[in-house]
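**Q** For reference, the structure I am asking about is given below.
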Amino acid sequence: MKALTQQELQTFVSTFKPVLEGAQLQEVLVNDRGLALGFHRETSLWLILDLLPNNPMMLLFEESNPFKKGPKTKPVSLFLNSHGRNLYLVDIFIEEQWGRVVKIILKNSHKECELEIRLIPKQCNLIVKADGKQISWEKPLDLSEPPYVENPPEPRSLEELHEEWLAEQGSKQKPSLDPVAQWEKQKQKDLEKKRKALGEIQKQIESDKEVLWQQAGTFLKTHGTFDVPSELEACIDRKQSLSWNIENTFGKAKQLAGKKEGARERLIELSEEIAKLEKSRYSEKTQKNQLVDLMQKTQARGRKFHLDSGAIAYCGKSAADNLALLRQAKAWDYWLHLKDYPGAHAIIHRQRDQEIPQSEVQEVAAWVARESLSSKSLMVGQKVAVVMVECRFVRPIKGDKLGRVTYHSEKTFHFTLRQES
């Protein structure tokens, strides 16, 4: 596929500038050939930056994202995630004096981030600047004025550019994407992980630490002195009183014995899981396992509804119900909550690597808002913000009020409440 011409780039920017202005950058995906910048403004917008050296491209897709995330991150994507995410696109323009160079300005009341996208063949690059720092996709080269083109080619329409690019993506499927090979690879990774865990549990069961703590407590209680045998010295804290040490040593012995009993139960479960996984074989059904009903599994109360994508959204009736659902959710499930406002939590329970359409995320976010806001404060046309984060990044706050959590790596959705149909 040929790179964008100057005229095609001008058409792209003039067409999509009104669409992108005011959109919030919420996600940055990266692979070996470029990035996909996920914006949101009433709907989901994906700005694709294909940085192939000879054929750089810039495209915009609404709702669907054809860009495939790679297994590794890049320094420029980490920098953009840190300095540009959640900022709003306030301007996009072409620097005519350098030819095919696009500038994007992201900004809010506190921060500003600038993207310089060079779509010049053999000089293509992405340079990101923020807080006096700069990082780039490739080592930047000095720019020069573009050469004059006497007979430029007939410009392709935006639809033709999209079709050509999508056709190119489909024609380059790698053998490594074979579902059977991928399944076998994942199976071996899972087996390795479970066998390692089995070894650690075996060591825990064979340990006699609880015996040492029990012996230390018995010695202190019987002799009333800190002159314990050398092998028990590690169990003693001489800065504390004798009575404190007696209570502490017996408590530790009881705690370790309890953990060992739990480890024996887990050892049996893990051995059965390994045996089952070793016997397993690939089938089409393997990839389409039905989701476990979290409400039934946790015996929590609340509401749920099935999404068209096959995912299930849950909302607990109380803080205890929400906590039970969170603890049973998978690491890749989504947790949603009204930003800066106490109220309901929701969990989108999904298959691993399953993409949830933006329309369904919006539906669940509106549900969270309705469950959180009282009927008096809830109004059609009201603007609200909902945060969404994978459950792996959500942690209950120990010792705090039930239901309070901390989280990071979130996305924030701003939208207007509409009348329920």
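In the structure tokens, chains take letters A, B, ... by order of appearance, with residues numbered from 1 within each chain and ligands from 1 in the order shown.
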Find the residues around stretch 242-244 of chain A up to 10 Å (only C-alpha atoms counted), leave out those fewer than 5 positions away in its own chain, and share them as a count of residues only.

**A** 9

**Q** Please report, as CSV, each residue of stretch 256-338 of chain A lying at most 8 Å from stretch 180-196 of chain A, together with the nearest pair of atoms and the separation in Å rounded to one decimal; use only C-alpha atoms, and order rows by chain and ascending residue number.

**A**
residue,atom,partner,partner_atom,distance
A:Leu270,CA,A:Lys194,CA,7.0
A:Ile274,CA,A:Leu191,CA,6.5
A:Leu277,CA,A:Leu191,CA,7.3
A:Glu278,CA,A:Leu191,CA,7.7
A:Tyr282,CA,A:Val180,CA,6.5

**Q** If you count only C-alpha atoms, which residues fall within 12 Å of A:Asp131, apart from same-chain ones fewer than 2 positions away, as JSON, numbers by chain?

**A** {"A": [79, 80, 82, 83, 84, 107, 110, 111, 112, 113, 114, 128, 129, 133, 134, 135]}

**Q** What parts of stretch 161-388 of chain A does DSSP call alpha helix (DSSP H)? I'd like the answer as an NGL selection string.

**A** :A and (161-170 or 179-206 or 209-223 or 242-279 or 294-298 or 319-328 or 358-372)

**Q** Restricting the calculation to only C-alpha atoms: of A:Ala331, A:Ala3, A:Leu294, A:Leu336, which residue gets closest to A:Trp165?

**A**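 Of A:Ala331, A:Ala3, A:Leu294, A:Leu336, the one nearest A:Trp165 is A:Ala3, counting only C-alpha atoms.
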
**Q** Just the number, please: distance in Å from atom CA of A:Trp137 to atom CA of A:Ile117, one decimal.

**A**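 Going from atom CA of A:Trp137 over to atom CA of A:Ile117, I get 9.9 Å.
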
**Q** As an MDAnalysis selection string, please: all residues of stretch 1-34 of chain A that backbone DSSP puts in strand (DSSP E).

**A** chainID A and resid 24:31 34

**Q** Take the residues that were just selected and, keeping N, CA and C atoms, output them as a compact mmCIF listing (two decimals), in the first residue's frame.

**A**
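That gives us part_10.txt:
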# COMPACT_ATOMS: atom_id res chain seq x y z
N GLN A 24 -11.45 13.01 24.16
CA GLN A 24 -10.51 12.70 25.24
C GLN A 24 -9.72 11.43 24.91
N LEU A 25 -8.39 11.51 25.04
CA LEU A 25 -7.54 10.34 24.82
C LEU A 25 -7.68 9.41 26.02
N GLN A 26 -8.15 8.19 25.79
CA GLN A 26 -8.41 7.26 26.90
C GLN A 26 -7.60 5.98 26.83
N GLU A 27 -7.01 5.68 25.68
CA GLU A 27 -6.26 4.42 25.57
C GLU A 27 -5.17 4.54 24.53
N VAL A 28 -4.03 3.90 24.80
CA VAL A 28 -2.91 3.87 23.85
C VAL A 28 -2.51 2.42 23.66
N LEU A 29 -2.67 1.91 22.43
CA LEU A 29 -2.27 0.55 22.10
C LEU A 29 -1.06 0.62 21.17
N VAL A 30 -0.17 -0.37 21.27
CA VAL A 30 1.05 -0.33 20.46
C VAL A 30 1.41 -1.73 19.99
N ASN A 31 1.98 -1.80 18.79
CA ASN A 31 2.63 -3.02 18.32
C ASN A 31 3.89 -2.62 17.55
N GLY A 34 3.28 0.40 14.88
CA GLY A 34 2.66 1.68 15.16
C GLY A 34 1.79 1.69 16.39
